[in-house]
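To keep things clear, I will list the structure first and then write my remarks on it.
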Amino acid sequence: MTIDDAPREALRGGPRELLRWVATGAAVSRADLSRLSGLSPSTVSQRVEALINQGLLEETGAGRSRGGRRPRQLAVPTGGAVVGAIDLGAHHARVGTLDLSGRVVQARTLPVRIEDGPEQVLGSLLAEVAALAATPGDPTSAGPVSSASTADGDPGALRGLGIGIPGPVQHATGRIVSPSRMPGWNGFDVAAFCAGRVDVPIIVDNDANLMALGAHRTAHSELDHAVYIKAGTGIGSGVISSGRLHRGAQGSAGDISHCRVVADPAPLCSCGNAGCLEAVASGAALVTALREQGVTVSDLTGVIRLIDDGDRHATALARQAGRAIGEILAVVVNFFNPQVVAIGGRLADCEPLLASMRATLYERCLPLATQTLLIERVATSQDVGITGAAHLVIDHVVAAN
Ligand SMILES: [Zn+2]
């Protein structure tokens with residue numbers, strides 16, 4: 001075993017992995033778990049009992065017998081326990097409840113005025129989560145996971161809450177630090193505020209990390225090294241290293257928004273520097289640049305519409321944005337050597353941006369780094385952020401036991 005393999009090996013057969021095997025249908029019995037993990041039946045039994053006692057697994061009756069006593073089948077309970085998730089954006093928030101396998105039970109999108117400040121915005125979103133947790137989900141959406149227990153409007157079914165913030169979050173404290181477009185939120189302790197209102201474990205992270213984790217767990221959990229770019233109103237990235245979200249010392253790993261790119265003239269950034277990626281390639285930057293060219297555009301949706309219509313100003317800006325993202329990404333790829341780079345967020349559907357990002361990446365990267373590199377779009381789903389938030393919480397709840 002090389003040093004590089006160590007973190008992955010340490011996870012093998014841990015409670016989190018046992019739970020995931022059951023959640024994905026890879027295992028339905030203790031025997032399956034023993035075979036997959038290589039652990040002894042008694043060790044598996046101990047861990048399974050602990051997970052059952054925590055309400056994270058349940059037994060759902062007899063499976064198929066291979067002679068002797070018929071084994072009890074294991075399942076992740078879907079009906080009762082749920083995890084709450086909030087993916088806060090500049091203008092909207094996606095709010096949902098997800099079962100303990102990370103599947104969406106209920107979700108809705110709400111308009112948000114970020115400038116109303118954290119108390120008002122988070123207060124109403126928390127009320128929404130509580131309302132969703134108290135409402136039974138659609139039993140037809142339960143999928144292959146057991147729905148033996150029923151949600152009967154019990155708000156106590158909430159097992160944890162994950163929150164994504166469109167700005168830098170100090171991971172250890174859950175505090176927001178110098179966000180660009182969130183007036184009144186700097187230094188706000190999101191975790192403490194929410195803990196005063198809901199009595200469950202709360203995890204706060206930035207939105208790009210949530211997207212990275214959600215996309216990785218749903219599309220590429222077999223790949224150990226991945227970089228996810230979130231390009232919407234702002235721009236950021238989340239890094240998966242050795243199969244885990246890499247946050248760095250404080251939680252700012254992957255924050256590429258203020259990396260400098262070649263741009264002439266270099267537009268001024270909200271951070272006070274000039275030529276930051278965010279000032280050149282984010283959705284907000286495209287809106288500003290178009291307005292400066294005399295084009296009437298109200299928001300990012302308007303910009304995307306112009307690009308889809310082949311407007312030359314908007315298309316040229318999208319290409320420039322793609323090159324800028326590609327430049328920064330090339331440094332990241334050369335340095336980190338991921339297996340996949342995926343772009344998500346609203347600008348990911350913008351073809352001219354994607355094409356120039358891809359071309360710049362190939363031009364600027366070492367051949368060895370791009371030889372087998374997958375360059376993709378994050379599968380478009382408005383639930384990718386809340387899915388990541390739920391997985392953060394599920395991992396935390398499982399790891400804590
Ligand atoms: Zn900046």
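FYI, nothing fancy with the structure tokens labels: chains A, B, ... in order, residues from 1 per chain, ligands from 1 as they appear.
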| DSSP-assigned helix (DSSP H, G or I) among region 22-221 of chain A, expressed as JSON, numbers by chain | {"A": [22, 23, 30, 31, 32, 33, 34, 35, 36, 37, 41, 42, 43, 44, 45, 46, 47, 48, 49, 50, 51, 52, 53, 114, 115, 116, 118, 119, 120, 121, 122, 123, 124, 125, 126, 127, 128, 129, 130, 131, 132, 133, 139, 140, 141, 142, 155, 156, 157, 190, 191, 192, 193, 194, 195, 207, 208, 209, 210, 211, 212, 213, 214, 215, 216, 217, 218, 219]}
**OP:** Write out as a list in words which residues come within 10 Å of Ala31 (chain A) when counting only C-alpha atoms, dropping same-chain ones fewer than 6 positions away.
**Re:** Ser37, Leu39, Ser40, Pro41, Val44, Ser45 and Pro71 of chain A
Those same residues - C-alpha atoms - I'd like them written as a compact mmCIF listing (two decimals), in the first residue's frame.
```txt
# COMPACT_ATOMS: atom_id res chain seq x y z
CA SER A 37 -15.59 -5.15 3.08
CA LEU A 39 -14.35 -7.78 7.45
CA SER A 40 -15.29 -10.71 9.66
CA PRO A 41 -19.04 -11.42 10.10
CA VAL A 44 -19.87 -6.42 10.40
CA SER A 45 -22.64 -7.45 12.80
CA PRO A 71 -31.17 -13.81 6.66
```
Residue contacts of Pro179 (chain A) (8 Å, only C-alpha atoms) excluding same-chain residues fewer than 4 positions away, as a PyMOL selection string: chain A and resi 166-168+183+185-186
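Nearest to Val112 (chain A) of all the residues A:Ala321, A:Pro265, A:Arg175, A:Met182 is A:Met182, counting only C-alpha atoms.
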Could you tell me, counting only C-alpha atoms and all ligand atoms, which protein and nucleic acid residues lie no more than 8 Å from ligand 1, written as a tab-separated table (two decimals) with N, CA, C and O atoms, in the first residue's frame?
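The file below, selection07.tsv, is the result:
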```
chain	number	residue	atom	x	y	z
A	257	SER	N	-12.01	32.12	-7.12
A	257	SER	CA	-12.67	33.33	-7.61
A	257	SER	C	-11.72	34.53	-7.71
A	257	SER	O	-11.92	35.38	-8.56
A	258	HIS	N	-10.70	34.59	-6.87
A	258	HIS	CA	-9.82	35.76	-6.92
A	258	HIS	C	-8.43	35.41	-7.45
A	258	HIS	O	-7.46	36.11	-7.17
A	259	CYS	N	-8.32	34.32	-8.20
A	259	CYS	CA	-7.09	34.05	-8.93
A	259	CYS	C	-7.05	35.02	-10.11
A	259	CYS	O	-8.07	35.31	-10.74
A	260	ARG	N	-5.85	35.50	-10.41
A	260	ARG	CA	-5.74	36.52	-11.45
A	260	ARG	C	-5.60	35.88	-12.83
A	260	ARG	O	-4.87	34.92	-13.01
A	268	LEU	N	-12.02	45.74	-12.45
A	268	LEU	CA	-11.86	45.80	-11.00
A	268	LEU	C	-12.77	44.78	-10.34
A	268	LEU	O	-13.92	44.59	-10.74
A	269	CYS	N	-12.25	44.10	-9.33
A	269	CYS	CA	-13.02	43.07	-8.63
A	269	CYS	C	-13.56	43.62	-7.30
A	269	CYS	O	-13.01	44.57	-6.75
A	270	SER	N	-14.59	42.98	-6.79
A	270	SER	CA	-15.17	43.42	-5.52
A	270	SER	C	-14.17	43.30	-4.37
A	270	SER	O	-14.32	43.93	-3.33
A	271	CYS	N	-13.11	42.49	-4.56
A	271	CYS	CA	-12.12	42.32	-3.49
A	271	CYS	C	-11.11	43.46	-3.46
A	271	CYS	O	-10.28	43.55	-2.57
A	272	GLY	N	-11.16	44.33	-4.49
A	272	GLY	CA	-10.24	45.46	-4.52
A	272	GLY	C	-9.09	45.25	-5.48
A	272	GLY	O	-8.38	46.21	-5.82
A	273	ASN	N	-8.85	44.03	-5.92
A	273	ASN	CA	-7.83	43.78	-6.93
A	273	ASN	C	-8.45	43.89	-8.33
A	273	ASN	O	-9.66	43.97	-8.46
A	274	ALA	N	-7.58	43.83	-9.33
A	274	ALA	CA	-8.08	43.88	-10.70
A	274	ALA	C	-7.74	42.57	-11.41
A	274	ALA	O	-6.72	41.95	-11.12
A	275	GLY	N	-8.61	42.16	-12.32
A	275	GLY	CA	-8.33	40.99	-13.15
A	275	GLY	C	-8.57	39.65	-12.47
A	275	GLY	O	-8.08	38.62	-12.92
A	276	CYS	N	-9.37	39.64	-11.39
A	276	CYS	CA	-9.71	38.36	-10.75
A	276	CYS	C	-10.63	37.55	-11.68
A	276	CYS	O	-11.40	38.13	-12.45
A	277	LEU	N	-10.57	36.23	-11.57
A	277	LEU	CA	-11.42	35.37	-12.39
A	277	LEU	C	-12.89	35.76	-12.27
A	277	LEU	O	-13.62	35.82	-13.25
A	278	GLU	N	-13.30	36.07	-11.03
A	278	GLU	CA	-14.69	36.42	-10.79
A	278	GLU	C	-15.10	37.70	-11.52
A	278	GLU	O	-16.24	37.85	-11.94
A	279	ALA	N	-14.14	38.62	-11.68
A	279	ALA	CA	-14.44	39.90	-12.34
A	279	ALA	C	-14.46	39.77	-13.85
A	279	ALA	O	-14.89	40.67	-14.56
```
Taken to one decimal, the CA of Ala134 (chain A)-CA of Ala50 (chain A) distance is 26.2 Å
_Which residues are near Val200 (chain A)? Cut-off 8 Å, only C-alpha atoms, ignore same chain within fewer than 3 positions. Put them as an NGL selection string._
:A and (158-161 or 195)
Report task. From a DSSP pass on the backbone, collect the residues of region 102-314 of chain A flagged as strand (DSSP E or B) and hand them back as a PyMOL selection string. Result -> chain A and resi 104-111+158-165+169-170+175-176+189+202-206+226-231+235-241+244-246+260+268+274+276
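Take CA of Gln250 (chain A) and CA of Ala172 (chain A): the distance between them is 7.1 Å.
Counting only C-alpha atoms, the residue from A:Asp87, A:Gln106, A:Ser242, A:Asp264 that sits nearest to Leu125 (chain A) is A:Asp87.
The nearest approach to Gly251 (chain A) among the residues A:Val384, A:Val169, A:Ala215, A:Val121, with only C-alpha atoms taken into account, belongs to A:Val169.
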